[in-house]
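Accompanying notes for the structure given below.
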Amino acid sequence: MNKKLIIGNWKMNMNESDSYTFFDEIKKNNNHFVHEFAIIPPAPLIISIKKYLKKNNINNWVKIGIQNFYPKDKGAFTGEISIKMFEDNTLDYLLVGHSERRLFFNENNQFAIEKALYALKNSNAKIVFIFGETLEQRKKGNLENIIKEFLEKLISEITFEDLERFIFAYEPIWSIGTGKIPTIKEIEEIFLIIKEILKSKFKGKDVNISKLIYGGSVNEVNYKLFLNSNLIDGLLIGGVALESHKFISILKNE
Ligand code: 13P
């Protein structure tokens with residue numbers, strides 16, 4: 001099995017001591033990891049987690065990201081977080097466009113694109129651009145339009161070199177936390193649409209420099225189904241990323 005990218009999104013879960021226990025387990029098991037990984041903790045934990053990783057000499061290889069940020073350096077934006085609040089290169093991954101941000105905080109493609117473009121200019125982090133359809137949209141069968149809606153606009157604003165910074169994460173909304181998953185063929189079809197759109201913009205270039213990952217009800221049993229596909233470069237995991245033994249079992253490809 002090729003090395004894949006496994007991203008654990010903790011959402012609004014875990015506290016400082018839970019997170020230390022989690023990383024203690026990661027440290028104990030890391031010799032056996034097959035896949036690379038990143039953890040996306042709640043923002044208030046990031047600085048203390050970074051210190052903990054350093055103290056335990058695992059800061060070089062444990063990658064950390066942020067679930068949300070506001071696309072400005074600083075200013076009068078009460079309650080918001082700037083990526084400039086973190087030391088240079090502290091954040092390895094930035095999530096953009098998660099359906100929970102869209103659903104509960106009215107974020108749309110336009111804002112997700114604004115965040116992604118800001119992140120390109122103002123950090124070195126990889127940008128995980130998340131998209132996916134509701135059950136209703138799925139029934140209508142307009143998945144291609146959903147992809148085009150953000151991707152064509154986004155890539156009209158970036159260069160081919162920027163593409164390497166992007167990870168496109170397909171997370172069907174009906175699959176998040178429900179135990180329901182699409183077929184591998186369905187995911188592959190989506191990823192082929194993305195590749196075609198990228199190829200038509202960046203003619204003759206190798207668009208595989210951006211990664212395509214899947215998220216939604218991935219667990220320690222079904223993950224291999226996804227990872228066996230050559231088109232799927234990795235996984236974005238919610239619930240199961242909160243349980244270190246399950247997450248570690250995926251990293252070990254057990
Ligand atoms: P679950 O793995 O809990 O379905 O969540 C997926 C997700 O939203 C990750 O960002």
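Every chain in the structure tokens takes a letter, A first, then B, and so on in the order presented; its residues are numbered from 1, and the ligands are numbered from 1 following the presented order.
Identified as lying at most 6 Å from ligand 1 when counting only C-alpha atoms and all ligand atoms are the residues A:Asn9, A:Ile176, A:Gly177, A:Gly215, A:Gly216, A:Ser217, A:Val218, A:Leu236, A:Ile237, A:Gly238, A:Gly239.
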Problem set entry | Contacts of Ile26 of chain A within 9 Å, only C-alpha atoms, excl. fewer than 5 positions in-chain, as a PyMOL selection string | chain A and resi 21+62+244-245+248
Can you write just those residues out, all heavy atoms, as a PDB file, in the first residue's frame?
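So selection-v9.pdb came out as:
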```pdb
ATOM      1  N   THR A  21      -2.797  12.806  26.237  1.00  0.00           N
ATOM      2  CA  THR A  21      -2.906  11.337  26.286  1.00  0.00           C
ATOM      3  C   THR A  21      -2.883  10.768  24.861  1.00  0.00           C
ATOM      4  O   THR A  21      -2.231   9.762  24.588  1.00  0.00           O
ATOM      5  CB  THR A  21      -4.237  10.934  26.981  1.00  0.00           C
ATOM      6  OG1 THR A  21      -4.334  11.659  28.195  1.00  0.00           O
ATOM      7  CG2 THR A  21      -4.319   9.462  27.267  1.00  0.00           C
ATOM      8  N   VAL A  62       4.941  15.291  13.829  1.00  0.00           N
ATOM      9  CA  VAL A  62       3.481  15.367  14.041  1.00  0.00           C
ATOM     10  C   VAL A  62       2.984  16.681  13.427  1.00  0.00           C
ATOM     11  O   VAL A  62       3.420  17.763  13.827  1.00  0.00           O
ATOM     12  CB  VAL A  62       3.105  15.313  15.535  1.00  0.00           C
ATOM     13  CG1 VAL A  62       1.594  15.478  15.703  1.00  0.00           C
ATOM     14  CG2 VAL A  62       3.545  13.997  16.166  1.00  0.00           C
ATOM     15  N   SER A 244      -7.674   7.208  20.103  1.00  0.00           N
ATOM     16  CA  SER A 244      -6.295   7.020  19.634  1.00  0.00           C
ATOM     17  C   SER A 244      -6.069   5.605  19.108  1.00  0.00           C
ATOM     18  O   SER A 244      -5.420   5.435  18.080  1.00  0.00           O
ATOM     19  CB  SER A 244      -5.300   7.364  20.724  1.00  0.00           C
ATOM     20  OG  SER A 244      -5.516   6.559  21.846  1.00  0.00           O
ATOM     21  N   HIS A 245      -6.606   4.575  19.774  1.00  0.00           N
ATOM     22  CA  HIS A 245      -6.274   3.212  19.322  1.00  0.00           C
ATOM     23  C   HIS A 245      -6.835   2.930  17.926  1.00  0.00           C
ATOM     24  O   HIS A 245      -6.192   2.248  17.122  1.00  0.00           O
ATOM     25  CB  HIS A 245      -6.734   2.157  20.334  1.00  0.00           C
ATOM     26  CG  HIS A 245      -8.218   2.068  20.512  1.00  0.00           C
ATOM     27  ND1 HIS A 245      -8.947   3.014  21.204  1.00  0.00           N
ATOM     28  CD2 HIS A 245      -9.122   1.166  20.066  1.00  0.00           C
ATOM     29  CE1 HIS A 245     -10.232   2.671  21.169  1.00  0.00           C
ATOM     30  NE2 HIS A 245     -10.359   1.563  20.494  1.00  0.00           N
ATOM     31  N   ILE A 248      -4.745   5.105  15.416  1.00  0.00           N
ATOM     32  CA  ILE A 248      -3.404   4.500  15.279  1.00  0.00           C
ATOM     33  C   ILE A 248      -3.472   3.225  14.438  1.00  0.00           C
ATOM     34  O   ILE A 248      -2.600   2.972  13.600  1.00  0.00           O
ATOM     35  CB  ILE A 248      -2.809   4.250  16.686  1.00  0.00           C
ATOM     36  CG1 ILE A 248      -2.334   5.589  17.258  1.00  0.00           C
ATOM     37  CG2 ILE A 248      -1.667   3.228  16.643  1.00  0.00           C
ATOM     38  CD1 ILE A 248      -1.986   5.574  18.731  1.00  0.00           C
TER      39      ILE A 248
END
```
Problem set entry | Which of segment 165-223 of chain A fall in helix (DSSP H, G or I), as an NGL selection string | :A and (173-175 or 184-201 or 207-209 or 223)
Problem set entry | Nearest candidate to Asn222 of chain A (options A:Glu254, A:Glu171, A:Glu164, A:Asp24; using only C-alpha atoms) |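 Of A:Glu254, A:Glu171, A:Glu164, A:Asp24, the one nearest Asn222 of chain A is A:Glu254, counting only C-alpha atoms.
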Sort by chain and increasing residue number a table of all residues of segment 90-199 of chain A within 7 Å of segment 204-210 of chain A, each with its closest pair of atoms and their distance in Å to one decimal, counting only C-alpha atoms, and write it as a tab-separated table.
```
residue	atom	partner	partner_atom	distance
A:Leu163	CA	A:Ser210	CA	5.5
A:Glu164	CA	A:Ser210	CA	4.8
A:Arg165	CA	A:Ser210	CA	6.7
A:Phe166	CA	A:Ser210	CA	5.3
A:Ile167	CA	A:Ser210	CA	5.7
A:Lys195	CA	A:Val207	CA	6.8
A:Leu198	CA	A:Val207	CA	6.3
A:Lys199	CA	A:Val207	CA	6.3
```
Exercise. Out of A:Ile7, A:Leu151, A:Ala116, A:Met14, which residue has the shortest atom-to-atom distance to Phe69 of chain A when counting only C-alpha atoms?
Worked result: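 Comparing A:Ile7, A:Leu151, A:Ala116, A:Met14 against Phe69 of chain A, the winner is A:Ala116.
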Exercise. So how many Å separate atom CA of Leu120 of chain A and atom CA of Thr159 of chain A, to one decimal?
Worked result: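 Distance reported for this atom pair: 10.7 Å.
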Exercise. Which distance in Å separates atom CA of Asn29 of chain A and atom CA of Gly65 of chain A, to one decimal?
Worked result: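 Answer for the atom CA of Asn29 of chain A to atom CA of Gly65 of chain A separation: 21.0 Å.
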